[in-house]
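Colleague: Please find one structure pasted underneath; my questions will follow.
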Amino acid sequence: MIDQLQFWAVFLCLAFGLFFTFVSTVGVLRLPDVYSRAHTASQTDTLGAGLSLAAVALALGWESTTIYTVLLLFFVFLTNPTAAHAIARSAAESGITPLTAEDELESETVDDGASAPGDTAVNAGEEGGDHA
Amino acid sequence: MAAERVLVPLSDTVTVRQTVGYAVRAALEDADAVEFHLVAALPYDAAVPEGRSLTEDAEQLLTRAENWVEEDIDDTDATVEIETAVVGTNEYLFGPRDFAEAFEAYATRHDIDQVVLDPEYQPGQTAQLIQPLERELTALGLSYEEAPVDRPARHERLIGGGTERFDQLFATFWISYGFYLILGDPTAPFDLVTGAAVAGIVSISLAYVTFTFPLGRLRSPLRTVRFALYIPYLLYEIVKANLAISVVILRPSMPIEPVLTRVNARVRGGLPLLALANSITLTPGTLTVRADDQRLIVHTLLPGARDDLFDGALERAVRFVFHGRSGARIPTPRERDDTEIIGGDDV
């Protein structure tokens, strides 16, 4: 009974961990610019890695190695925002203008070609791939 | 020849004497009449009652610096005028941006043509997240020159420093010892002995790097406990935000609404700001792009995430961790009008 419960708990954690990693990958492919992609890239680290590590901890049971997975998670939670912030800040500093809601509305109402050149360059790949 | 006006921001660093010396030398090389503006800027602490001693320290430093300038110009026949000033007494200088603005305002008022910076002078640089003074000065269009100085390696004395130093050593020792034992085996005598040795070395060599601020004997453990309470709450927020964003990403129409916002966070000091900015980034849907002092520029992806940000739940939680329950009772950023939606060009 306990073994059964443990098995399903591990299974569920792994499944959801994989699911969020998958969503994050889809997000990176679909979202329009570097800023919005940074949002979803952190999902892999927070829930993707988090649930997978929880599965590892559950599979190991009460062992000293279980503590390592918790520590690992702690450090992932420290490094993840640092990396996301570093990416966003360096993007901002190299002059990449984030695509904002107003720009998008404009490009929808006017014409795709009429939006700012930087935005179209970023958009081109996704628009072609996803909405086709 | 027109008088050159030189602004030298001062603070009590190891290289302040050399900076003044350099400023005098450099200015007298190519001008006969020089006006020196020696300026000390007070950090935000000046607003509290203990700040009076800060003001006195600044004034003493300015008097000393004035003497140094007089010493250095002794053997030249140039006309030299010395002006001293303390800025920031009735402002609230928090980060490098505020300091840079204060110096810029002073420079405009007095028609300054040259700024000489002390490389050790890092006002408001309480976290690496914040952009340094040099950068802010460049952004404001104020040109500066960094004084070439020799400086000794930074280290602390092993003995002395009083209870503050002892507290730092004590805390670092037990934190590193605990970590060592978690990684090792807390019951094995070998690990206990080597752990104590390692923790001793770590605490002696790194205590003053780990804690750049004085620890409170009651406050610091209390903060750790409150931080432990904060983690489950943060996890809950992360899961909530993750679900919201997953739904949006997987919907074929992908109804995102990316907006850049500026939030004026009411957290004081580098560590709370760091905790808040990191928590904001950790929840998907909000991403800290920049931290200009307390003004966080946050990229938000969904209207829901933006509302949460403007409601300031995370800010209140961080204030709870650092200032206790009374500190958490604060109007939301929206209510106190500290939020702003900015265009994409303003990053």
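Each chain of the structure tokens is named A, B, ... in the order shown, its residues numbered from 1; ligands are numbered from 1 in display order.
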Please list as a compact mmCIF listing (two decimals) with all heavy atoms, in the first residue's frame every residue within 6 Å of segment 307-315 of chain B, counting only C-alpha atoms and excluding residues in the same chain fewer than 2 positions away.

Modeller:
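Output saved as part35.txt:
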# COMPACT_ATOMS: atom_id res chain seq x y z
N GLY B 304 -3.15 39.78 -15.12
CA GLY B 304 -3.31 39.25 -13.76
C GLY B 304 -2.03 39.41 -12.95
O GLY B 304 -2.05 39.84 -11.80
N ALA B 305 -0.90 39.08 -13.59
CA ALA B 305 0.39 39.21 -12.92
C ALA B 305 0.67 40.67 -12.58
O ALA B 305 1.23 40.99 -11.53
CB ALA B 305 1.50 38.65 -13.80
N ALA B 317 5.16 40.90 1.87
CA ALA B 317 5.78 39.71 2.46
C ALA B 317 7.26 39.97 2.75
O ALA B 317 7.76 39.58 3.81
CB ALA B 317 5.63 38.53 1.51
N VAL B 318 7.95 40.64 1.84
CA VAL B 318 9.37 40.94 2.08
C VAL B 318 9.51 41.90 3.25
O VAL B 318 10.40 41.76 4.09
CB VAL B 318 10.02 41.51 0.80
CG1 VAL B 318 11.39 42.08 1.10
CG2 VAL B 318 10.13 40.43 -0.25
N THR B 332 -0.92 49.45 -0.63
CA THR B 332 -0.38 48.80 -1.82
C THR B 332 0.27 49.84 -2.71
O THR B 332 -0.05 51.03 -2.63
CB THR B 332 -1.50 48.10 -2.59
OG1 THR B 332 -2.37 49.11 -3.11
CG2 THR B 332 -2.29 47.17 -1.71
N PRO B 333 1.20 49.40 -3.57
CA PRO B 333 1.85 50.35 -4.47
C PRO B 333 0.84 51.15 -5.29
O PRO B 333 1.04 52.31 -5.56
CB PRO B 333 2.69 49.45 -5.37
CG PRO B 333 2.94 48.25 -4.58
CD PRO B 333 1.75 48.06 -3.71
N ARG B 334 -0.29 50.47 -5.62
CA ARG B 334 -1.29 51.17 -6.42
C ARG B 334 -1.92 52.31 -5.62
O ARG B 334 -2.09 53.42 -6.12
CB ARG B 334 -2.37 50.17 -6.83
CG ARG B 334 -3.15 50.61 -8.05
CD ARG B 334 -4.50 49.96 -8.06
NE ARG B 334 -4.42 48.51 -8.03
CZ ARG B 334 -4.29 47.74 -9.12
NH1 ARG B 334 -4.20 48.29 -10.29
NH2 ARG B 334 -4.23 46.43 -9.01

Colleague: Near chain B, meaning an atom within 8 Å, which residues of chain A appear when counting only C-alpha atoms? Write them as number ranges by chain.

Modeller: A: 20, 23-24, 26-27, 30, 35-36, 38-40, 42-43, 46-47, 67-68, 77-78, 80-82, 84-85, 88-89, 92-93, 97-101

Colleague: For segment 14-18 of chain A, list every protein, DNA or RNA residue within 6 Å, evaluated using only C-alpha atoms, and leave out those in the same chain fewer than 6 positions away; present the list as a PyMOL selection string.

Modeller: chain A and resi 48+51-52+55

Colleague: Give the strand (DSSP E) residues of segment 137-262 of chain B, as assigned by DSSP on the backbone, as a list in words.

Modeller: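 Everything in segment 137-262 of chain B that counts as strand (DSSP E) is Tyr144, Glu145, Glu146, Val259, Leu260, Thr261 and Arg262 of chain B.
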
Colleague: Would you save the residues of that selection, restricted to C-alpha atoms, as a PDB file, in the first residue's frame?

Modeller:
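Below is the file that was written, selection.pdb:
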ATOM      1  CA  TYR B 144      33.858  62.546 -14.504  1.00  0.00           C
ATOM      2  CA  GLU B 145      37.434  61.502 -14.068  1.00  0.00           C
ATOM      3  CA  GLU B 146      38.487  58.748 -11.742  1.00  0.00           C
ATOM      4  CA  VAL B 259       3.682  45.793 -20.551  1.00  0.00           C
ATOM      5  CA  LEU B 260       6.648  47.465 -18.992  1.00  0.00           C
ATOM      6  CA  THR B 261       5.969  48.933 -15.563  1.00  0.00           C
ATOM      7  CA  ARG B 262       7.857  50.863 -12.984  1.00  0.00           C
TER       8      ARG B 262
END

Colleague: Can you work out which one of B:Val80, B:Ala100, B:Val39, B:Val115 has the shortest atom-to-atom distance to Leu137 of chain B, counting only C-alpha atoms?

Modeller: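 Counting only C-alpha atoms, the residue closest to Leu137 of chain B is B:Ala100.
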
Colleague: As an exercise, work out the distance from atom CA of Pro303 of chain B to atom CA of Tyr233 of chain B in Å and give it to one decimal place.

Modeller: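 Going from atom CA of Pro303 of chain B over to atom CA of Tyr233 of chain B covers 21.2 Å.
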
Colleague: For each of B:Tyr180, B:Val6, B:Leu28, B:Arg64, take the minimum atom-to-atom distance to Asp113 of chain B, counting only C-alpha atoms, then give the residue where this is smallest.

Modeller: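 Answer, going by the shortest atom-to-atom distance: B:Val6.
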
Colleague: Any idea what's packed within 8 Å of Ala328 of chain B, counting only C-alpha atoms, ignoring anything in its chain fewer than 4 positions away? Could you give it as a list of chain:residue names?

Modeller: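 Contacts, with the query itself left out: B:Arg316, B:Ala317, B:Val318, B:Arg319, B:Phe320, B:His323, B:Gly324.
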
Colleague: Kindly export the residues of the current selection with N, CA, C and O atoms, as a CSV table (one decimal), in the first residue's frame.

Modeller:
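Final file, selection_29.csv:
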chain,number,residue,atom,x,y,z
B,316,ARG,N,4.8,43.3,0.5
B,316,ARG,CA,4.4,43.2,1.9
B,316,ARG,C,5.1,42.0,2.6
B,316,ARG,O,5.5,42.1,3.7
B,317,ALA,N,5.2,40.9,1.9
B,317,ALA,CA,5.8,39.7,2.5
B,317,ALA,C,7.3,40.0,2.8
B,317,ALA,O,7.8,39.6,3.8
B,318,VAL,N,7.9,40.6,1.8
B,318,VAL,CA,9.4,40.9,2.1
B,318,VAL,C,9.5,41.9,3.2
B,318,VAL,O,10.4,41.8,4.1
B,319,ARG,N,8.6,42.9,3.3
B,319,ARG,CA,8.6,43.8,4.5
B,319,ARG,C,8.4,43.0,5.8
B,319,ARG,O,8.9,43.4,6.8
B,320,PHE,N,7.5,42.0,5.7
B,320,PHE,CA,7.2,41.2,6.9
B,320,PHE,C,8.5,40.5,7.3
B,320,PHE,O,8.9,40.5,8.5
B,323,HIS,N,11.0,43.5,8.5
B,323,HIS,CA,10.6,44.5,9.5
B,323,HIS,C,9.4,44.0,10.5
B,323,HIS,O,8.9,44.8,11.3
B,324,GLY,N,9.0,42.7,10.3
B,324,GLY,CA,8.0,42.2,11.2
B,324,GLY,C,6.6,42.6,10.8
B,324,GLY,O,6.4,43.1,9.7

Colleague: For atom CA of Ala54 of chain A and atom CA of Thr187 of chain B, determine how far apart the two atoms are, in Å to one decimal place.

Modeller: 25.9 Å

Colleague: Hey, which of B:Ala199, B:Asp57, B:Arg223, B:Arg217 ends up closest to Thr163 of chain B? Count only C-alpha atoms.

Modeller: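 When distances to Thr163 of chain B are compared using only C-alpha atoms, the smallest one comes from B:Arg217.
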
Colleague: Which of segment 85-306 of chain B end up as helix (DSSP H, G or I) when DSSP is run on this backbone - answer as an MDAnalysis selection string?

Modeller: chainID B and resid 96:110 133:140 162:183 189:210 219:250 270:282 303:306
